[in-house]
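Only one structure is covered here, and it is reproduced in the block below.
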Amino acid sequence: MFAIEARKMGYRVHTFSPDADTPTGHISDTETTAAYDDLDAVKKFAQSVDVVTFEFENVPSATVEAAANIVPVHPKGEILHTTQNRLREKIFLSTNGFPVAPFRRVKLIDDLYRAADEIGLPGVLKTAGFGYDGKGQAKITARGEADAAYARMNGQDAILESFIEFEKEVSVVCARDQAGNFCHFGVIENDHANHILDVSFAPARVSDNVASEAVDIARNIADTFDYVGTLCIEFFLTQDQRLIVNEIAPRPHNSGHLTFDACVTSQFEQQVRAVCGLPLGSTEFYRPAAMANLLGDLWEDGEPDWNAGLSDPKIKLHLYGKAEPRPGRKMGHITATAESTEAAVQAVISARQRFMPQTQPRSTGVHLT
Ligand code: AMP
């Protein structure tokens, strides 16, 4: 989606990936297939472009450094280094005064018992690195579950954080340009199923106070990082209306995919503008919007029924061109804009159900009243 926006603006795109025939490669002018630790390939790649950016944060530091010695890299390598590890990210947030769930580092099983004593249970044990969509996570409700949860970390560095009984999850997708100008898409509400984002809609149903506090936190994080590009801050909103930062995504984010169809400037175009040194575009929404993810599970009984799903002309289909539909794998999404958030959510949920007419309607957990 970044490459599509870049091409629309007349840029040529060169993608670097360890995989061949990638979704970005389909849109790019040139696709380099090489391992991230093939630093000769990284250097050759960097010499062929004017600026480098990322679509995901788990690119090794040495790779980023090799590129940054040759060409500007946005966002900076040290931001990726911080955000690709939950422990470093949580330490960055808490030392800079941003609200996070109580957490402790866990290296050995004794650390886990001590952490449970200090911050209490229930808690969530998470691997420090390479975790997303609930991967490498185990909820611990009683001390007796600690050993099994620890075993699931496979000896990797981990953190124990308090389990938050949140009212809802929300995010702020925002962008900051090279002159330090900041813009945001307001607060987006997110509903997860099995730890994976399921449905997002905007504007979120939160008070004005919560909305302005969430945006202030996002702006302060972007400024503290001296960030350039699109950034997403994911929050838990507690029952007593406190915001807690769950995660920072240093890139366009799944919850901002609805901006592609709903806004004057999408989160991807903002990323293009920011990294290429252009002014940011308007983040105005044309109408309330909703997005539903399409996971590989949808292909379980064969090709989805595209005709039935798209019978509502409001529905916009985005498929990423991934070769293999595996369960839980994000294959694409649909969006709708409507006169109200409720109508947009209803439209994407109904369309997704029509894609799988033979199966039982799925509960999304989204209750709009
Ligand atoms: P993460 O990969 O850390 O973003 O976690 C994925 C999802 O798991 C989150 O969006 C939440 O729905 C849930 N989750 C993660 N951490 C916690 C927590 N400390 N308390 C409650 N739910 C959590």
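We label chains A, B, ... in the order they appear in the structure tokens, count residues from 1 in each chain, and number ligands from 1 in the order shown.
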Neighbouring residues of Gly328 (chain A) were defined as those with any atom within 9 Å, considering only C-alpha atoms; residues of the same chain fewer than 4 positions away were excluded. Please report them as a list in words.
Asn194, Ile196, Leu295, Gly296 and Asp297 of chain A
Find the residues around Val215 (chain A) up to 8 Å (only C-alpha atoms counted), leave out those fewer than 3 positions away in its own chain, and share them as a PyMOL selection string.
chain A and resi 172+184+186-187+211-212+218-219
If you measure from CA of Val173 (chain A) to CA of Gly332 (chain A), what distance in Å do you get, rounded to one decimal?
19.2 Å
Determine, counting only C-alpha atoms, which protein, DNA and RNA residues have an atom within 9 Å of an atom of Lys43 (chain A); residues of the same chain fewer than 4 positions away are not included. Present the result as an mmCIF file with all heavy atoms, in the first residue's frame.
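The resulting around_20.cif:
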```
data_model
loop_
_atom_site.group_PDB
_atom_site.id
_atom_site.type_symbol
_atom_site.label_atom_id
_atom_site.label_comp_id
_atom_site.auth_asym_id
_atom_site.auth_seq_id
_atom_site.Cartn_x
_atom_site.Cartn_y
_atom_site.Cartn_z
ATOM 1 N N ASP A 38 22.982 -10.034 4.523
ATOM 2 C CA ASP A 38 23.832 -9.942 3.330
ATOM 3 C C ASP A 38 24.142 -8.452 3.116
ATOM 4 O O ASP A 38 23.498 -7.756 2.319
ATOM 5 C CB ASP A 38 23.094 -10.544 2.121
ATOM 6 C CG ASP A 38 23.939 -10.508 0.858
ATOM 7 O OD1 ASP A 38 25.001 -9.850 0.854
ATOM 8 O OD2 ASP A 38 23.522 -11.129 -0.141
ATOM 9 N N LEU A 39 25.144 -7.968 3.860
ATOM 10 C CA LEU A 39 25.378 -6.520 3.895
ATOM 11 C C LEU A 39 25.889 -5.962 2.566
ATOM 12 O O LEU A 39 25.674 -4.791 2.265
ATOM 13 C CB LEU A 39 26.313 -6.152 5.052
ATOM 14 C CG LEU A 39 25.733 -6.463 6.457
ATOM 15 C CD1 LEU A 39 26.653 -5.942 7.542
ATOM 16 C CD2 LEU A 39 24.314 -5.920 6.641
ATOM 17 N N GLN A 47 22.728 2.081 -2.393
ATOM 18 C CA GLN A 47 23.352 2.955 -3.400
ATOM 19 C C GLN A 47 22.404 3.266 -4.558
ATOM 20 O O GLN A 47 22.600 4.228 -5.275
ATOM 21 C CB GLN A 47 24.637 2.303 -3.938
ATOM 22 C CG GLN A 47 25.810 2.509 -2.998
ATOM 23 C CD GLN A 47 26.895 1.452 -3.168
ATOM 24 O OE1 GLN A 47 26.758 0.516 -3.965
ATOM 25 N NE2 GLN A 47 27.974 1.589 -2.419
ATOM 26 N N SER A 48 21.349 2.445 -4.709
ATOM 27 C CA SER A 48 20.460 2.617 -5.866
ATOM 28 C C SER A 48 19.246 3.486 -5.554
ATOM 29 O O SER A 48 18.412 3.715 -6.422
ATOM 30 C CB SER A 48 19.991 1.239 -6.357
ATOM 31 O OG SER A 48 18.983 0.749 -5.494
ATOM 32 N N THR A 63 21.648 -4.178 9.558
ATOM 33 C CA THR A 63 21.138 -3.937 8.197
ATOM 34 C C THR A 63 20.802 -2.460 8.030
ATOM 35 O O THR A 63 21.166 -1.827 7.037
ATOM 36 C CB THR A 63 19.855 -4.783 7.968
ATOM 37 O OG1 THR A 63 20.133 -6.120 8.346
ATOM 38 C CG2 THR A 63 19.385 -4.722 6.540
ATOM 39 N N ALA A 66 23.937 -0.334 7.918
ATOM 40 C CA ALA A 66 24.638 -0.430 6.628
ATOM 41 C C ALA A 66 23.968 0.480 5.596
ATOM 42 O O ALA A 66 24.649 1.148 4.807
ATOM 43 C CB ALA A 66 24.641 -1.874 6.143
ATOM 44 N N ALA A 67 22.639 0.524 5.612
ATOM 45 C CA ALA A 67 21.923 1.389 4.665
ATOM 46 C C ALA A 67 22.099 2.857 5.051
ATOM 47 O O ALA A 67 22.335 3.712 4.190
ATOM 48 C CB ALA A 67 20.437 1.014 4.641
ATOM 49 N N ASN A 69 24.491 4.370 6.440
ATOM 50 C CA ASN A 69 25.816 4.927 6.117
ATOM 51 C C ASN A 69 25.850 5.491 4.706
ATOM 52 O O ASN A 69 26.759 6.233 4.354
ATOM 53 C CB ASN A 69 26.896 3.838 6.235
ATOM 54 C CG ASN A 69 27.186 3.535 7.687
ATOM 55 O OD1 ASN A 69 26.956 4.375 8.545
ATOM 56 N ND2 ASN A 69 27.670 2.329 7.944
ATOM 57 N N ILE A 70 24.874 5.106 3.894
ATOM 58 C CA ILE A 70 24.902 5.474 2.476
ATOM 59 C C ILE A 70 23.795 6.468 2.122
ATOM 60 O O ILE A 70 23.978 7.356 1.302
ATOM 61 C CB ILE A 70 24.778 4.186 1.617
ATOM 62 C CG1 ILE A 70 26.017 3.303 1.847
ATOM 63 C CG2 ILE A 70 24.615 4.516 0.126
ATOM 64 C CD1 ILE A 70 25.906 1.908 1.291
#
```
So, counting only C-alpha atoms, which residue among A:Ala179, A:Leu310, A:Ala202, A:Ile140 is closest to Leu278 (chain A)?
A:Ala179
Residues near region 13-28 of chain A, cut-off 12 Å, only C-alpha atoms, skip fewer than 3 positions along chain, as a VMD selection string
chain A and resid 1 to 10 31 to 39 41 to 56 58 to 59 63 to 64 67 272 318 to 324 331 to 332
Test item, strand (DSSP E or B) assignment across region 156-296 of chain A, answer as a ChimeraX atom specification
/A:158-162,166-176,182-193,196-202,229-238,243-249,263,285,289-295
Could I get the residues of chain A with an atom no further than 9 Å from an atom of ligand 1, each paired with its nearest atom pair and that distance in Å to one decimal, using only C-alpha atoms and all ligand atoms, sorted by chain and residue number, as a Markdown table?
```
| residue | atom | partner | partner_atom_place_in_ligand_line | distance |
| --- | --- | --- | --- | --- |
| A:Arg86 | CA | ligand 1 | 3 (O) | 8.4 |
| A:Ala101 | CA | ligand 1 | 19 (N) | 6.6 |
| A:Pro102 | CA | ligand 1 | 19 (N) | 8.7 |
| A:Phe103 | CA | ligand 1 | 19 (N) | 9.0 |
| A:Pro122 | CA | ligand 1 | 20 (N) | 8.8 |
| A:Gly123 | CA | ligand 1 | 19 (N) | 6.5 |
| A:Val124 | CA | ligand 1 | 19 (N) | 5.5 |
| A:Leu125 | CA | ligand 1 | 19 (N) | 8.6 |
| A:Lys126 | CA | ligand 1 | 3 (O) | 7.5 |
| A:Gly131 | CA | ligand 1 | 2 (O) | 6.1 |
| A:Tyr132 | CA | ligand 1 | 2 (O) | 4.1 |
| A:Asp133 | CA | ligand 1 | 2 (O) | 4.4 |
| A:Gly134 | CA | ligand 1 | 2 (O) | 4.3 |
| A:Lys135 | CA | ligand 1 | 2 (O) | 6.7 |
| A:Gly136 | CA | ligand 1 | 2 (O) | 8.4 |
| A:Gln137 | CA | ligand 1 | 2 (O) | 7.7 |
| A:Lys139 | CA | ligand 1 | 17 (C) | 8.4 |
| A:Leu160 | CA | ligand 1 | 19 (N) | 8.5 |
| A:Glu161 | CA | ligand 1 | 19 (N) | 5.5 |
| A:Ser162 | CA | ligand 1 | 19 (N) | 5.2 |
| A:Phe163 | CA | ligand 1 | 20 (N) | 3.6 |
| A:Ile164 | CA | ligand 1 | 20 (N) | 3.8 |
| A:Glu165 | CA | ligand 1 | 21 (C) | 6.1 |
| A:Phe166 | CA | ligand 1 | 21 (C) | 6.7 |
| A:Lys168 | CA | ligand 1 | 12 (O) | 8.8 |
| A:Glu169 | CA | ligand 1 | 10 (O) | 7.0 |
| A:Asn190 | CA | ligand 1 | 10 (O) | 8.3 |
| A:Asp191 | CA | ligand 1 | 12 (O) | 7.9 |
| A:His192 | CA | ligand 1 | 12 (O) | 5.8 |
| A:Ala193 | CA | ligand 1 | 12 (O) | 7.9 |
| A:Asn194 | CA | ligand 1 | 8 (O) | 7.8 |
| A:His195 | CA | ligand 1 | 7 (C) | 4.2 |
| A:Ile196 | CA | ligand 1 | 6 (C) | 6.5 |
| A:Leu197 | CA | ligand 1 | 10 (O) | 7.1 |
| A:Glu234 | CA | ligand 1 | 4 (O) | 7.6 |
| A:Phe235 | CA | ligand 1 | 10 (O) | 8.4 |
| A:Phe236 | CA | ligand 1 | 21 (C) | 7.8 |
| A:Asn246 | CA | ligand 1 | 4 (O) | 6.3 |
| A:Glu247 | CA | ligand 1 | 4 (O) | 6.0 |
| A:Ile248 | CA | ligand 1 | 4 (O) | 8.9 |
```
Please dump the current selection as a short mmCIF file (atom, residue, chain, number, x, y, z; two decimals), in the first residue's frame; keep N, CA, C and O atoms.
```
data_model
loop_
_atom_site.label_atom_id
_atom_site.label_comp_id
_atom_site.auth_asym_id
_atom_site.auth_seq_id
_atom_site.Cartn_x
_atom_site.Cartn_y
_atom_site.Cartn_z
N ARG A 86 10.16 -5.50 23.22
CA ARG A 86 9.16 -5.00 24.17
C ARG A 86 9.80 -4.40 25.42
O ARG A 86 9.29 -3.45 25.98
N ALA A 101 1.54 -0.40 31.41
CA ALA A 101 1.18 -1.38 32.43
C ALA A 101 2.44 -1.71 33.24
O ALA A 101 3.54 -1.74 32.68
N PRO A 102 2.30 -1.95 34.56
CA PRO A 102 3.47 -2.37 35.34
C PRO A 102 4.13 -3.58 34.67
O PRO A 102 3.44 -4.48 34.19
N PHE A 103 5.47 -3.59 34.61
CA PHE A 103 6.16 -4.69 33.92
C PHE A 103 7.47 -5.00 34.62
O PHE A 103 8.02 -4.17 35.35
N PRO A 122 -3.51 -11.32 37.77
CA PRO A 122 -3.04 -11.92 36.52
C PRO A 122 -2.06 -11.02 35.77
O PRO A 122 -2.07 -9.80 35.93
N GLY A 123 -1.23 -11.70 34.98
CA GLY A 123 -0.28 -10.98 34.16
C GLY A 123 -0.14 -11.67 32.81
O GLY A 123 -0.69 -12.76 32.59
N VAL A 124 0.57 -11.02 31.89
CA VAL A 124 0.82 -11.62 30.58
C VAL A 124 2.33 -11.69 30.42
O VAL A 124 3.03 -10.69 30.56
N LEU A 125 2.82 -12.92 30.16
CA LEU A 125 4.24 -13.11 29.90
C LEU A 125 4.43 -13.04 28.39
O LEU A 125 3.74 -13.72 27.62
N LYS A 126 5.34 -12.15 27.96
CA LYS A 126 5.54 -11.94 26.52
C LYS A 126 7.02 -12.02 26.20
O LYS A 126 7.84 -11.47 26.93
N GLY A 131 7.62 -10.42 18.82
CA GLY A 131 6.25 -10.79 19.16
C GLY A 131 5.27 -9.85 18.50
O GLY A 131 5.50 -8.65 18.48
N TYR A 132 4.23 -10.38 17.94
CA TYR A 132 3.14 -9.53 17.44
C TYR A 132 1.90 -10.40 17.34
O TYR A 132 1.99 -11.63 17.35
N ASP A 133 0.73 -9.76 17.27
CA ASP A 133 -0.54 -10.48 17.17
C ASP A 133 -0.65 -11.61 18.20
O ASP A 133 -1.12 -12.70 17.91
N GLY A 134 -0.16 -11.34 19.42
CA GLY A 134 -0.32 -12.32 20.49
C GLY A 134 0.65 -13.49 20.40
O GLY A 134 0.59 -14.42 21.20
N LYS A 135 1.58 -13.46 19.40
CA LYS A 135 2.54 -14.56 19.30
C LYS A 135 3.55 -14.42 20.43
O LYS A 135 3.96 -13.32 20.78
N GLY A 136 3.96 -15.56 21.02
CA GLY A 136 4.91 -15.52 22.12
C GLY A 136 4.33 -14.90 23.37
O GLY A 136 5.01 -14.17 24.08
N GLN A 137 3.04 -15.14 23.64
CA GLN A 137 2.39 -14.58 24.84
C GLN A 137 1.69 -15.68 25.62
O GLN A 137 1.17 -16.62 25.03
N LYS A 139 -0.94 -15.90 29.18
CA LYS A 139 -1.58 -15.26 30.34
C LYS A 139 -1.36 -16.14 31.56
O LYS A 139 -1.45 -17.37 31.47
N LEU A 160 7.10 -9.77 32.06
CA LEU A 160 5.77 -10.01 32.64
C LEU A 160 5.14 -8.64 32.80
O LEU A 160 5.75 -7.73 33.36
N GLU A 161 3.93 -8.49 32.26
CA GLU A 161 3.23 -7.23 32.49
C GLU A 161 1.86 -7.53 33.06
O GLU A 161 1.31 -8.62 32.87
N SER A 162 1.31 -6.56 33.81
CA SER A 162 0.01 -6.77 34.43
C SER A 162 -1.06 -6.92 33.36
O SER A 162 -1.00 -6.24 32.33
N PHE A 163 -2.00 -7.81 33.60
CA PHE A 163 -3.14 -7.96 32.70
C PHE A 163 -4.09 -6.80 32.95
O PHE A 163 -4.46 -6.51 34.08
N ILE A 164 -4.45 -6.10 31.89
CA ILE A 164 -5.30 -4.91 32.01
C ILE A 164 -6.74 -5.28 31.64
O ILE A 164 -6.99 -5.74 30.52
N GLU A 165 -7.65 -5.08 32.57
CA GLU A 165 -9.08 -5.31 32.28
C GLU A 165 -9.60 -4.07 31.54
O GLU A 165 -10.23 -3.20 32.11
N PHE A 166 -9.29 -4.03 30.24
CA PHE A 166 -9.62 -2.79 29.53
C PHE A 166 -11.09 -2.75 29.11
O PHE A 166 -11.72 -3.78 28.94
N LYS A 168 -11.84 -0.94 26.28
CA LYS A 168 -11.67 -1.10 24.84
C LYS A 168 -10.22 -0.83 24.48
O LYS A 168 -9.45 -0.32 25.30
N GLU A 169 -9.88 -1.18 23.23
CA GLU A 169 -8.56 -0.86 22.70
C GLU A 169 -8.71 0.19 21.61
O GLU A 169 -9.63 0.11 20.78
N ASN A 190 -10.46 -0.37 18.09
CA ASN A 190 -10.01 -1.65 17.56
C ASN A 190 -10.58 -2.81 18.34
O ASN A 190 -10.55 -2.82 19.56
N ASP A 191 -11.08 -3.78 17.60
CA ASP A 191 -11.59 -4.98 18.23
C ASP A 191 -10.76 -6.17 17.78
O ASP A 191 -10.55 -6.34 16.57
N HIS A 192 -10.24 -6.95 18.75
CA HIS A 192 -9.37 -8.07 18.41
C HIS A 192 -10.12 -9.39 18.56
O HIS A 192 -11.01 -9.52 19.40
N ALA A 193 -9.75 -10.38 17.77
CA ALA A 193 -10.24 -11.75 17.95
C ALA A 193 -9.00 -12.64 17.99
O ALA A 193 -8.16 -12.55 17.08
N ASN A 194 -8.87 -13.46 19.01
CA ASN A 194 -7.67 -14.31 19.19
C ASN A 194 -6.39 -13.50 19.11
O ASN A 194 -5.44 -13.90 18.42
N HIS A 195 -6.36 -12.33 19.74
CA HIS A 195 -5.18 -11.46 19.80
C HIS A 195 -4.83 -10.81 18.47
O HIS A 195 -3.82 -10.14 18.35
N ILE A 196 -5.63 -11.05 17.43
CA ILE A 196 -5.34 -10.46 16.11
C ILE A 196 -6.39 -9.39 15.83
O ILE A 196 -7.58 -9.61 16.09
N LEU A 197 -5.95 -8.26 15.31
CA LEU A 197 -6.91 -7.20 14.99
C LEU A 197 -7.98 -7.75 14.06
O LEU A 197 -7.67 -8.41 13.07
N GLU A 234 -0.73 2.15 20.08
CA GLU A 234 -1.88 1.34 20.49
C GLU A 234 -2.08 1.49 21.99
O GLU A 234 -1.10 1.43 22.76
N PHE A 235 -3.33 1.69 22.39
CA PHE A 235 -3.65 1.92 23.80
C PHE A 235 -4.68 0.92 24.31
O PHE A 235 -5.55 0.46 23.56
N PHE A 236 -4.63 0.68 25.62
CA PHE A 236 -5.76 0.12 26.35
C PHE A 236 -6.46 1.31 27.00
O PHE A 236 -5.80 2.19 27.55
N ASN A 246 -0.01 0.34 24.98
CA ASN A 246 0.33 -1.08 24.87
C ASN A 246 1.54 -1.26 23.97
O ASN A 246 2.49 -1.94 24.33
N GLU A 247 1.52 -0.63 22.82
CA GLU A 247 2.58 -0.88 21.85
C GLU A 247 2.79 0.31 20.93
O GLU A 247 1.84 1.06 20.66
N ILE A 248 4.01 0.44 20.43
CA ILE A 248 4.32 1.44 19.41
C ILE A 248 4.63 0.69 18.12
O ILE A 248 5.47 -0.22 18.12
#
```
